[in-house]
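**Q** Sharing run-v4.csv, CSV, C-alpha atoms:
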chain,number,residue,atom,x,y,z
A,1,MET,CA,128.9,160.3,123.7
A,2,ALA,CA,125.2,159.8,124.2
A,3,VAL,CA,124.4,157.1,126.7
A,4,LYS,CA,121.3,155.0,126.1
A,5,GLU,CA,119.3,154.0,129.1
A,6,TYR,CA,117.6,150.6,129.3
A,7,ARG,CA,115.1,149.7,131.9
A,8,ALA,CA,115.1,146.2,133.5
A,9,GLY,CA,112.5,144.3,135.5
A,10,ILE,CA,113.6,141.4,137.7
A,11,LEU,CA,111.2,138.5,138.1
A,12,GLY,CA,111.9,136.8,141.5
A,13,TYR,CA,114.2,138.3,144.1
A,14,GLY,CA,115.8,135.4,145.9
A,15,PHE,CA,119.5,134.8,145.9
A,16,MET,CA,119.9,135.0,142.1
A,17,GLY,CA,117.6,138.0,141.7
A,18,LYS,CA,119.9,139.8,144.2
A,19,ALA,CA,123.0,138.7,142.1
A,20,HIS,CA,121.4,140.2,139.0
A,21,ALA,CA,120.5,143.5,140.6
A,22,TYR,CA,124.1,143.8,142.0
A,23,SER,CA,125.6,143.1,138.6
A,24,TYR,CA,123.5,145.8,137.0
A,25,GLN,CA,124.5,148.3,139.6
A,26,ALA,CA,128.2,147.3,139.6
A,27,MET,CA,128.5,147.4,135.8
A,28,GLN,CA,129.3,151.1,135.7
A,29,PHE,CA,132.3,150.5,138.0
A,30,TYR,CA,133.7,147.5,136.2
A,31,TYR,CA,133.4,148.9,132.7
A,32,ASP,CA,134.4,152.5,131.8
A,33,ASP,CA,132.7,154.7,129.2
A,34,LEU,CA,129.8,152.4,128.4
A,35,PRO,CA,127.4,153.6,125.7
A,36,PHE,CA,124.5,152.3,127.8
A,37,LYS,CA,123.3,152.2,131.4
A,38,VAL,CA,120.6,150.2,133.1
A,39,LYS,CA,117.9,151.4,135.5
A,40,LEU,CA,116.4,148.9,137.9
A,41,GLU,CA,112.8,149.7,137.0
A,42,ALA,CA,110.7,146.9,138.6
A,43,VAL,CA,110.9,143.9,140.8
A,44,CYS,CA,108.4,141.0,141.1
A,45,THR,CA,108.0,139.3,144.4
A,46,ARG,CA,105.1,137.4,146.1
A,47,ASP,CA,105.4,139.5,149.2
A,48,ALA,CA,104.2,143.1,148.8
A,49,GLN,CA,106.0,144.3,151.9
A,50,LYS,CA,109.3,142.8,150.6
A,51,GLY,CA,108.7,144.5,147.3
A,52,LYS,CA,108.3,147.9,149.0
A,53,ALA,CA,111.5,147.3,151.0
A,54,LEU,CA,113.4,146.4,147.9
A,55,CYS,CA,112.3,149.6,146.2
A,56,GLU,CA,113.5,151.6,149.2
A,57,ARG,CA,116.8,149.8,149.5
A,58,TYR,CA,117.9,149.3,145.9
A,59,GLY,CA,116.0,152.0,144.0
A,60,PHE,CA,113.5,150.0,142.0
A,61,ALA,CA,110.8,152.4,140.7
A,62,TYR,CA,108.0,149.9,141.6
A,63,SER,CA,107.3,146.4,142.7
A,64,ALA,CA,104.6,143.9,141.6
A,65,GLN,CA,103.2,140.6,142.7
A,66,ASN,CA,102.2,139.6,139.2
A,67,GLU,CA,105.0,139.1,136.6
A,68,ASP,CA,102.6,140.1,133.8
A,69,ASP,CA,102.5,143.7,135.2
A,70,ILE,CA,106.3,143.9,134.5
A,71,ILE,CA,106.5,141.9,131.3
A,72,ASN,CA,103.7,144.0,129.7
A,73,ASP,CA,105.0,147.3,130.9
A,74,PRO,CA,105.9,149.2,127.7
A,75,GLY,CA,108.6,151.1,129.6
A,76,ILE,CA,110.6,148.0,130.4
A,77,ASP,CA,113.1,146.8,127.8
A,78,ILE,CA,114.6,143.8,129.6
A,79,ILE,CA,113.3,141.0,131.9
A,80,ASN,CA,115.5,139.0,134.1
A,81,ILE,CA,114.0,135.7,135.0
A,82,CYS,CA,115.2,134.6,138.4
A,83,THR,CA,112.1,132.5,139.5
A,84,PRO,CA,112.1,128.8,140.2
A,85,ASN,CA,112.5,126.5,137.2
A,86,HIS,CA,108.9,125.7,136.7
A,87,MET,CA,108.1,129.4,136.1
A,88,HIS,CA,110.7,129.9,133.3
A,89,LYS,CA,108.8,128.7,130.3
A,90,ASN,CA,105.7,130.9,130.6
A,91,ALA,CA,107.9,134.0,131.5
A,92,ILE,CA,110.1,133.4,128.5
A,93,ILE,CA,107.2,132.9,126.1
A,94,LYS,CA,105.4,136.0,127.4
A,95,GLY,CA,108.6,138.0,127.2
A,96,ILE,CA,109.1,136.9,123.6
A,97,ARG,CA,105.6,137.9,122.6
A,98,ALA,CA,106.0,141.2,124.4
A,99,GLY,CA,109.2,141.9,122.5
A,100,LYS,CA,111.5,142.1,125.5
A,101,HIS,CA,115.2,141.3,125.8
A,102,ILE,CA,115.4,138.2,128.1
A,103,TYR,CA,118.1,137.2,130.6
A,104,CYS,CA,117.1,133.9,132.1
A,105,GLU,CA,118.6,131.7,134.8
A,106,LYS,CA,119.4,128.1,134.0
A,107,PRO,CA,118.0,125.6,133.4
A,108,MET,CA,116.0,127.2,130.6
A,109,VAL,CA,112.8,125.2,131.3
A,110,LEU,CA,111.6,122.0,133.0
A,111,SER,CA,112.0,119.7,129.9
A,112,TYR,CA,113.0,119.4,126.3
A,113,ASP,CA,109.4,119.5,125.3
A,114,GLU,CA,109.1,122.9,127.0
A,115,ALA,CA,112.3,124.0,125.2
A,116,LYS,CA,110.7,123.0,121.9
A,117,GLU,CA,107.6,125.1,122.8
A,118,VAL,CA,109.9,128.1,123.3
A,119,GLU,CA,111.7,127.5,120.0
A,120,ALA,CA,108.4,127.3,118.2
A,121,VAL,CA,107.3,130.6,119.6
A,122,ILE,CA,110.6,132.2,118.5
A,123,ALA,CA,110.0,130.9,115.0
A,124,GLU,CA,106.3,131.9,115.0
A,125,THR,CA,106.9,135.5,116.2
A,126,GLY,CA,110.2,136.1,114.3
A,127,TYR,CA,111.6,137.2,117.7
A,128,ASP,CA,114.7,139.3,117.0
A,129,LYS,CA,115.6,140.6,120.5
A,130,THR,CA,118.6,139.5,122.6
A,131,ALA,CA,117.9,136.5,124.8
A,132,GLN,CA,120.7,134.8,126.9
A,133,LEU,CA,120.9,132.0,129.4
A,134,VAL,CA,122.9,132.7,132.6
A,135,PHE,CA,125.6,130.1,132.2
A,136,HIS,CA,128.0,132.6,133.8
A,137,ASN,CA,130.9,130.1,134.3
A,138,ARG,CA,131.7,130.8,130.7
A,139,TYR,CA,132.6,134.4,131.7
A,140,PHE,CA,135.4,134.0,134.2
A,141,PRO,CA,138.8,134.9,132.8
A,142,THR,CA,140.0,131.3,133.4
A,143,SER,CA,137.2,129.8,131.3
A,144,MET,CA,137.7,132.4,128.5
A,145,ARG,CA,141.5,131.9,128.5
A,146,ALA,CA,141.0,128.1,128.4
A,147,LYS,CA,138.7,128.4,125.4
A,148,GLU,CA,141.1,130.7,123.7
A,149,LEU,CA,144.0,128.2,124.1
A,150,ILE,CA,141.8,125.4,122.8
A,151,ASP,CA,140.6,127.4,119.8
A,152,ASN,CA,144.1,128.5,119.0
A,153,GLY,CA,145.2,124.8,118.9
A,154,ASP,CA,147.6,125.1,121.9
A,155,ILE,CA,146.6,121.7,123.3
A,156,GLY,CA,145.9,120.2,119.8
A,157,ARG,CA,143.2,117.6,119.3
A,158,VAL,CA,141.3,116.9,122.6
A,159,TYR,CA,141.7,113.2,123.7
A,160,SER,CA,139.9,113.2,127.1
A,161,PHE,CA,138.5,115.4,129.8
A,162,ARG,CA,137.1,115.2,133.3
A,163,ALA,CA,134.9,117.8,134.9
A,164,ALA,CA,133.0,118.1,138.1
A,165,TYR,CA,130.8,120.5,140.1
A,166,LEU,CA,130.9,119.5,143.7
A,167,HIS,CA,128.8,120.9,146.6
A,168,PRO,CA,127.9,119.5,150.0
A,169,GLY,CA,124.5,121.1,150.3
A,170,SER,CA,122.4,117.9,150.3
A,171,ALA,CA,124.6,115.7,152.3
A,172,GLU,CA,122.8,116.5,155.5
A,173,ARG,CA,119.9,114.0,156.0
A,174,ASN,CA,117.7,116.5,157.8
A,175,ARG,CA,117.9,119.3,155.2
A,176,PRO,CA,114.3,120.2,154.4
A,177,ALA,CA,112.7,119.4,151.0
A,178,THR,CA,112.6,122.9,149.5
A,179,TRP,CA,111.4,123.5,145.9
A,180,ARG,CA,114.7,122.2,144.6
A,181,PHE,CA,113.8,118.7,145.7
A,182,LEU,CA,110.3,118.7,144.1
A,183,PRO,CA,110.2,117.5,140.5
A,184,GLU,CA,107.1,119.5,139.6
A,185,LEU,CA,109.1,122.7,140.5
A,186,THR,CA,112.6,121.8,139.6
A,187,GLY,CA,112.4,119.2,136.8
A,188,MET,CA,115.4,117.2,137.9
A,189,GLY,CA,117.7,117.8,140.9
A,190,THR,CA,121.4,118.3,140.9
A,191,LEU,CA,121.7,117.4,137.2
A,192,PHE,CA,119.6,120.4,136.3
A,193,ASP,CA,121.2,122.7,138.9
A,194,THR,CA,125.0,122.2,138.8
A,195,GLY,CA,125.1,119.6,136.0
A,196,SER,CA,123.7,122.1,133.5
A,197,HIS,CA,126.7,124.4,134.3
A,198,VAL,CA,129.3,121.7,133.6
A,199,LEU,CA,127.5,120.5,130.4
A,200,ASP,CA,127.4,124.0,129.1
A,201,LEU,CA,131.0,124.8,129.9
A,202,ILE,CA,132.3,121.7,128.2
A,203,MET,CA,130.1,122.5,125.2
A,204,CYS,CA,131.4,126.0,125.1
A,205,MET,CA,135.1,124.9,125.2
A,206,LEU,CA,134.9,121.8,123.0
A,207,GLY,CA,131.9,122.5,120.8
A,208,ARG,CA,128.4,121.0,120.4
A,209,GLU,CA,129.8,117.5,120.0
A,210,TYR,CA,128.1,115.3,122.6
A,211,ALA,CA,127.6,111.9,120.9
A,212,SER,CA,126.6,109.4,123.6
A,213,VAL,CA,126.4,109.0,127.4
A,214,SER,CA,126.4,106.4,130.1
A,215,ALA,CA,125.1,107.8,133.4
A,216,ALA,CA,124.1,106.7,136.9
A,217,SER,CA,122.2,108.9,139.4
A,218,GLN,CA,122.2,108.7,143.2
A,219,ILE,CA,119.6,109.7,145.7
A,220,LEU,CA,121.3,109.6,149.1
A,221,HIS,CA,118.3,110.3,151.3
A,222,PRO,CA,115.1,108.9,149.9
A,223,GLN,CA,113.1,111.0,152.4
A,224,ARG,CA,113.5,114.4,153.8
A,225,PRO,CA,111.6,116.6,156.2
A,226,SER,CA,108.9,118.9,154.6
A,227,PRO,CA,109.7,122.6,154.8
A,228,ASP,CA,107.5,123.0,157.9
A,229,GLY,CA,109.1,120.0,159.5
A,230,LYS,CA,105.7,118.3,160.2
A,231,SER,CA,106.1,115.3,157.8
A,232,MET,CA,108.5,113.4,155.6
A,233,VAL,CA,108.6,113.9,151.8
A,234,ASP,CA,109.7,111.2,149.3
A,235,ILE,CA,112.6,112.4,147.2
A,236,THR,CA,112.7,111.4,143.5
A,237,VAL,CA,115.3,113.9,142.1
A,238,ASP,CA,119.0,113.1,142.1
A,239,ASP,CA,121.5,114.2,144.7
A,240,ALA,CA,124.3,113.3,142.3
A,241,THR,CA,124.7,112.1,138.8
A,242,TYR,CA,127.8,110.6,137.3
A,243,LEU,CA,128.4,110.6,133.5
A,244,ILE,CA,130.8,109.1,130.9
A,245,MET,CA,130.5,111.2,127.8
A,246,LYS,CA,131.7,110.4,124.3
A,247,MET,CA,132.2,113.3,121.9
A,248,LYS,CA,131.8,113.2,118.1
A,249,ASN,CA,135.5,113.9,117.6
A,250,GLY,CA,136.4,110.7,119.5
A,251,ALA,CA,137.3,112.2,122.9
A,252,THR,CA,135.8,110.6,126.0
A,253,GLY,CA,135.4,112.2,129.3
A,254,THR,CA,133.7,112.1,132.7
A,255,ILE,CA,131.3,114.6,134.3
A,256,GLU,CA,130.2,114.5,137.9
A,257,CYS,CA,127.6,116.8,139.5
A,258,SER,CA,127.1,116.3,143.2
A,259,LYS,CA,125.5,118.0,146.1
A,260,ILE,CA,126.6,115.3,148.5
A,261,ALA,CA,130.3,115.9,148.2
A,262,THR,CA,131.3,116.3,151.8
A,263,GLY,CA,134.3,118.5,152.3
A,264,SER,CA,133.8,120.5,149.1
A,265,GLY,CA,132.6,124.1,148.9
A,266,ASP,CA,131.2,125.4,145.6
A,267,GLU,CA,133.7,123.6,143.5
A,268,LEU,CA,133.7,123.6,139.7
A,269,ARG,CA,136.7,122.0,138.1
A,270,PHE,CA,137.9,120.6,134.8
A,271,GLU,CA,140.9,118.9,133.2
A,272,ILE,CA,141.2,118.7,129.4
A,273,HIS,CA,143.9,116.5,127.8
A,274,GLY,CA,145.1,116.9,124.2
A,275,GLU,CA,147.8,115.8,121.8
A,276,LYS,CA,149.9,118.9,122.5
A,277,GLY,CA,149.1,119.8,126.0
A,278,ALA,CA,146.5,119.9,128.8
A,279,LEU,CA,144.5,122.4,130.9
A,280,ALA,CA,143.3,122.3,134.4
A,281,TYR,CA,141.1,124.5,136.6
A,282,ASN,CA,139.5,124.5,140.0
A,283,SER,CA,137.1,127.3,141.0
A,284,MET,CA,138.3,127.2,144.6
A,285,SER,CA,141.6,128.7,143.1
A,286,PRO,CA,139.7,131.0,140.8
A,287,ASN,CA,142.7,133.2,139.7
A,288,TYR,CA,144.7,130.6,138.0
A,289,LEU,CA,144.4,128.3,134.9
A,290,ARG,CA,147.0,125.5,134.7
A,291,PHE,CA,148.6,124.7,131.3
A,292,TYR,CA,150.8,121.8,130.4
A,293,ASP,CA,152.9,122.2,127.2
A,294,ALA,CA,153.7,118.7,125.9
A,295,THR,CA,155.7,120.0,122.9
A,296,GLY,CA,158.9,120.9,124.8
A,297,PRO,CA,161.8,118.5,125.6
A,298,ASP,CA,160.7,115.3,127.4
A,299,SER,CA,161.8,115.4,131.1
A,300,THR,CA,162.6,111.6,130.9
A,301,LYS,CA,165.0,112.1,128.0
A,302,SER,CA,166.7,115.4,128.4
A,303,LEU,CA,168.6,117.3,131.2
A,304,GLY,CA,167.4,120.4,129.5
A,305,ALA,CA,163.7,119.5,129.9
A,306,ASN,CA,161.1,122.2,130.3
A,307,ARG,CA,157.9,120.3,130.4
A,308,GLY,CA,155.7,120.9,133.4
A,309,TRP,CA,152.5,122.5,134.6
A,310,LYS,CA,152.5,126.3,134.2
A,311,LYS,CA,150.1,128.4,136.3
A,312,ILE,CA,148.6,131.1,134.2
A,313,ASP,CA,147.7,134.3,136.1
A,314,CYS,CA,144.1,135.1,134.9
A,315,CYS,CA,142.8,137.1,137.9
A,316,GLN,CA,140.8,140.0,136.5
A,317,HIS,CA,142.1,139.9,132.9
A,318,PHE,CA,139.0,141.0,130.9
A,319,GLN,CA,139.0,142.5,127.5
A,320,ALA,CA,138.3,146.3,127.3
A,321,PRO,CA,136.3,148.0,128.5
A,322,GLY,CA,136.6,145.8,131.6
A,323,GLY,CA,139.7,144.9,133.5
A,324,ASP,CA,140.8,148.3,134.9
A,325,PHE,CA,138.8,148.1,138.2
A,326,PRO,CA,139.9,146.2,140.1
A,327,ARG,CA,143.3,146.0,138.5
A,328,PRO,CA,144.0,142.9,136.3
A,329,ARG,CA,146.2,141.3,139.0
A,330,SER,CA,143.6,141.7,141.7
A,331,SER,CA,142.0,138.4,143.0
A,332,ILE,CA,138.6,137.6,141.6
A,333,GLY,CA,135.4,136.6,143.3
A,334,TRP,CA,132.3,134.6,142.5
A,335,LEU,CA,130.1,137.6,141.5
A,336,ARG,CA,132.6,138.8,138.9
A,337,GLY,CA,131.6,136.0,136.5
A,338,HIS,CA,128.0,137.0,136.9
A,339,SER,CA,128.8,140.7,136.3
A,340,HIS,CA,130.7,139.9,133.1
A,341,SER,CA,128.0,137.6,131.8
A,342,LEU,CA,125.5,140.4,132.3
A,343,TYR,CA,127.8,142.9,130.6
A,344,VAL,CA,128.1,140.6,127.6
A,345,PHE,CA,124.3,140.3,127.5
A,346,MET,CA,123.9,144.1,127.7
A,347,ASP,CA,126.6,144.7,125.0
A,348,ASN,CA,124.7,142.2,122.8
A,349,VAL,CA,121.4,144.1,123.5
A,350,HIS,CA,122.9,147.4,122.7
A,351,ASN,CA,124.5,146.2,119.5
A,352,GLY,CA,121.6,144.1,118.3
A,353,ARG,CA,123.3,140.8,118.5
A,354,PRO,CA,122.0,137.4,119.7
A,355,GLY,CA,122.7,136.3,123.3
A,356,VAL,CA,125.6,133.9,124.0
A,357,PRO,CA,124.6,131.3,125.1
A,358,SER,CA,121.3,131.6,123.3
A,359,LEU,CA,117.9,130.1,124.1
A,360,HIS,CA,118.7,127.6,121.3
A,361,ASP,CA,121.9,126.6,123.3
A,362,GLY,CA,119.8,126.3,126.4
A,363,ALA,CA,117.4,124.0,124.5
A,364,TYR,CA,120.3,121.8,123.4
A,365,ILE,CA,121.5,121.5,127.0
A,366,GLN,CA,118.0,120.6,128.0
A,367,TYR,CA,118.0,117.9,125.4
A,368,VAL,CA,121.4,116.6,126.6
A,369,MET,CA,120.2,116.5,130.2
A,370,GLU,CA,117.2,114.4,129.3
A,371,ARG,CA,119.4,111.9,127.4
A,372,VAL,CA,121.6,111.7,130.5
A,373,ALA,CA,118.5,111.0,132.7
A,374,ALA,CA,117.3,108.4,130.2
A,375,SER,CA,120.7,106.7,130.4
A,376,ALA,CA,120.6,106.7,134.2
A,377,GLN,CA,117.1,105.3,134.2
A,378,LYS,CA,117.9,102.5,131.7
A,379,GLY,CA,121.3,101.7,133.0
A,380,CYS,CA,122.9,101.7,129.5
A,381,TRP,CA,124.5,103.9,126.9
A,382,VAL,CA,122.2,106.2,124.9
A,383,ASP,CA,122.9,108.3,121.9
A,384,ILE,CA,122.8,112.1,122.0
Can you turn what I pasted into structure tokens?

**A**
Amino acid sequence: MAVKEYRAGILGYGFMGKAHAYSYQAMQFYYDDLPFKVKLEAVCTRDAQKGKALCERYGFAYSAQNEDDIINDPGIDIINICTPNHMHKNAIIKGIRAGKHIYCEKPMVLSYDEAKEVEAVIAETGYDKTAQLVFHNRYFPTSMRAKELIDNGDIGRVYSFRAAYLHPGSAERNRPATWRFLPELTGMGTLFDTGSHVLDLIMCMLGREYASVSAASQILHPQRPSPDGKSMVDITVDDATYLIMKMKNGATGTIECSKIATGSGDELRFEIHGEKGALAYNSMSPNYLRFYDATGPDSTKSLGANRGWKKIDCCQHFQAPGGDFPRPRSSIGWLRGHSHSLYVFMDNVHNGRPGVPSLHDGAYIQYVMERVAASAQKGCWVDI
């Protein structure tokens, strides 16, 4: 079988750029007999010395300080956008015009207006490459199994849900105001960062059905030290946002995104309640999805009752060609979701399919987040 090689350029090499590079290199171990492979062709960093070191360490063919050098390189097929939020729009648009496949970190852009600019360029150019947002929490076995159970009708009509992404990173008063605290660079704070993940995951499992929202945001520390520690910076982006969401099918749920959740780790969790059962998950126990079957005998009425929460072993249960290494019963880690998300992207690239989630999905999440922010600002329900 002939194996096609694709060449990737990674824009930005902080924590997420490293996760993308790892996932490309790990793909050949996780998935057997792939009809494609990926070469790490180029990396863009502001620091030339860092770029040189990355080439030596990870095998990039070259490094650049200007993203245009990579985007316009005819030898590069794919661009991975791992830069701060404010740089996404221009890179996406340039990538579209250059005819590149695009794998972009969330959030897609800084605002819904920027998202509409991207969609206009897609329409104008007739862009037909694969573009995908990195909402990788869709691609853990637990999330995929939960969606499968919902789609199969195992919990019936969804009545209610609760979801949260909890992190303690901003609880410390003296944490410096990095770019994530600056609205001109990040757009919004925790809502854009972890909140986008939860909103996408609920949309993925329940459908594009957000109807209205009532939200409140919280800024715990109105001032933080500047990165150099020489002054104090006013903080205007949220440390936490709390949502009540109504869905078009009548279900109502809560979503919490917080970076001031003392005692948490990097904790994404959800509970979904329906007419025939329920589902529950916590990323700190990433191998298991909990399922409650409400169709069996009622424990309050029968000695032979069998209702109760069942712990489904999801571990490394991926569809072929994944799942053989490590073995399906092996425990899973945080990077595995990123690896499978990138594999899905590459499989879509190779087979000429759209990305899932697409840039249009990313634009919708952008719109929802702005409606959430509007509700928090106005202190009332707003329609979505």

**Q** Counting only C-alpha atoms, which residue out of A:Tyr367, A:Arg145, A:Ile155, A:Ser160 sits closest to Asn287 in chain A?

**A** A:Arg145

**Q** Using only C-alpha atoms, I'd like a table of the residues in range 113-232 of chain A that come within 12 Å of range 340-356 of chain A; for each, show the closest atom pair and its distance in Å rounded to one decimal, ordered by chain and ascending number, as CSV.

**A**
residue,atom,partner,partner_atom,distance
A:Tyr127,CA,A:Pro354,CA,10.6
A:Asp128,CA,A:Pro354,CA,8.0
A:Lys129,CA,A:Pro354,CA,7.2
A:Thr130,CA,A:Pro354,CA,4.9
A:Ala131,CA,A:Gly355,CA,5.0
A:Gln132,CA,A:Gly355,CA,4.4
A:Leu133,CA,A:Val356,CA,7.4
A:Val134,CA,A:Ser341,CA,7.1
A:Phe135,CA,A:Ser341,CA,7.9
A:His136,CA,A:Ser341,CA,5.4
A:Asn137,CA,A:Ser341,CA,8.4
A:Arg138,CA,A:Ser341,CA,7.8
A:Tyr139,CA,A:Ser341,CA,5.6
A:Phe140,CA,A:His340,CA,7.6
A:Pro141,CA,A:His340,CA,9.5
A:Met144,CA,A:His340,CA,11.2
A:Asp200,CA,A:Val356,CA,11.3
A:Cys204,CA,A:Val356,CA,9.9

**Q** For range 80-92 of chain A, work out the shell of residues within 7 Å, counting only C-alpha atoms and skipping chain neighbours fewer than 2 positions away, then give it as an MDAnalysis selection string.

**A** chainID A and resid 9:13 16:17 78 94:96 102:105 107:110 114 185:186

**Q** To one decimal place in Å, what is the distance between CA of Arg97 in chain A and CA of Glu117 in chain A?

**A**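 Atom-to-atom, CA of Arg97 in chain A to CA of Glu117 in chain A, that is 13.0 Å.
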
**Q** Interatomic distance between CA of Ser23 in chain A and CA of Lys311 in chain A?

**A**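 Computing it gives 28.7 Å between the two atoms.
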
**Q** Would you kindly return, as an NGL selection string, each protein, DNA or RNA residue with an atom no farther than 12 Å from any atom of Ala294 in chain A, considering all atoms listed in the file and excluding same-chain residues fewer than 3 positions away?

**A** :A and (154-156 or 273-279 or 291 or 297-299 or 305-310)

**Q** Just the selected residues (C-alpha atoms), exported as a compact mmCIF listing (two decimals), keeping the file's coordinate frame, please.

**A**
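Once everything was written out, this is result-v4.txt:
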# COMPACT_ATOMS: atom_id res chain seq x y z
CA ASP A 154 147.60 125.10 121.90
CA ILE A 155 146.60 121.70 123.30
CA GLY A 156 145.90 120.20 119.80
CA HIS A 273 143.90 116.50 127.80
CA GLY A 274 145.10 116.90 124.20
CA GLU A 275 147.80 115.80 121.80
CA LYS A 276 149.90 118.90 122.50
CA GLY A 277 149.10 119.80 126.00
CA ALA A 278 146.50 119.90 128.80
CA LEU A 279 144.50 122.40 130.90
CA PHE A 291 148.60 124.70 131.30
CA PRO A 297 161.80 118.50 125.60
CA ASP A 298 160.70 115.30 127.40
CA SER A 299 161.80 115.40 131.10
CA ALA A 305 163.70 119.50 129.90
CA ASN A 306 161.10 122.20 130.30
CA ARG A 307 157.90 120.30 130.40
CA GLY A 308 155.70 120.90 133.40
CA TRP A 309 152.50 122.50 134.60
CA LYS A 310 152.50 126.30 134.20

**Q** Which neighbours of range 58-70 of chain A fall inside 10 Å, counting all atoms listed in the file, when residues of the same chain fewer than 3 positions from it are skipped, and could you give them as a PyMOL selection string?

**A** chain A and resi 8-12+18+21-22+25+39-55+73-79+81+91+94-95

**Q** Hey, can you check how far CA of Glu209 in chain A sits from CA of Thr252 in chain A?

**A** 10.9 Å

**Q** Pick out the residues sitting within 9 Å of Tyr364 in chain A, and hand them over as a ChimeraX atom specification; count all atoms listed in the file, and ignore anything fewer than 3 positions along from it in its own chain.

**A** /A:112,115,208,359-361,367-369

**Q** Name the residues in contact with Ile202 in chain A at a cut-off of 10 Å, using all atoms listed in the file, excluding same-chain residues fewer than 4 positions from it; report them as an NGL selection string.

**A** :A and (138 or 143 or 147 or 161-163 or 197-198 or 206-210 or 255 or 270 or 272)

**Q** Restrict the selected residues to C-alpha atoms and save them as a JSON list (two decimals), in the frame of the given file.

**A**
[["chain", "number", "residue", "atom", "x", "y", "z"],
["A", 138, "ARG", "CA", 131.70, 130.80, 130.70],
["A", 143, "SER", "CA", 137.20, 129.80, 131.30],
["A", 147, "LYS", "CA", 138.70, 128.40, 125.40],
["A", 161, "PHE", "CA", 138.50, 115.40, 129.80],
["A", 162, "ARG", "CA", 137.10, 115.20, 133.30],
["A", 163, "ALA", "CA", 134.90, 117.80, 134.90],
["A", 197, "HIS", "CA", 126.70, 124.40, 134.30],
["A", 198, "VAL", "CA", 129.30, 121.70, 133.60],
["A", 206, "LEU", "CA", 134.90, 121.80, 123.00],
["A", 207, "GLY", "CA", 131.90, 122.50, 120.80],
["A", 208, "ARG", "CA", 128.40, 121.00, 120.40],
["A", 209, "GLU", "CA", 129.80, 117.50, 120.00],
["A", 210, "TYR", "CA", 128.10, 115.30, 122.60],
["A", 255, "ILE", "CA", 131.30, 114.60, 134.30],
["A", 270, "PHE", "CA", 137.90, 120.60, 134.80],
["A", 272, "ILE", "CA", 141.20, 118.70, 129.40]]

**Q** Calculated over all atoms listed in the file, which of the candidates A:Thr142, A:Asn152, A:Thr262, A:Asn72 has the smallest distance to His317 in chain A?

**A**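 So, comparing all the options, the nearest one is A:Thr142.
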
**Q** Using all atoms listed in the file, which of A:Ile384, A:Ala146, A:Leu220, A:Ala215 sits nearest Tyr288 in chain A?

**A**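 When distances to Tyr288 in chain A are compared using all atoms listed in the file, the smallest one comes from A:Ala146.
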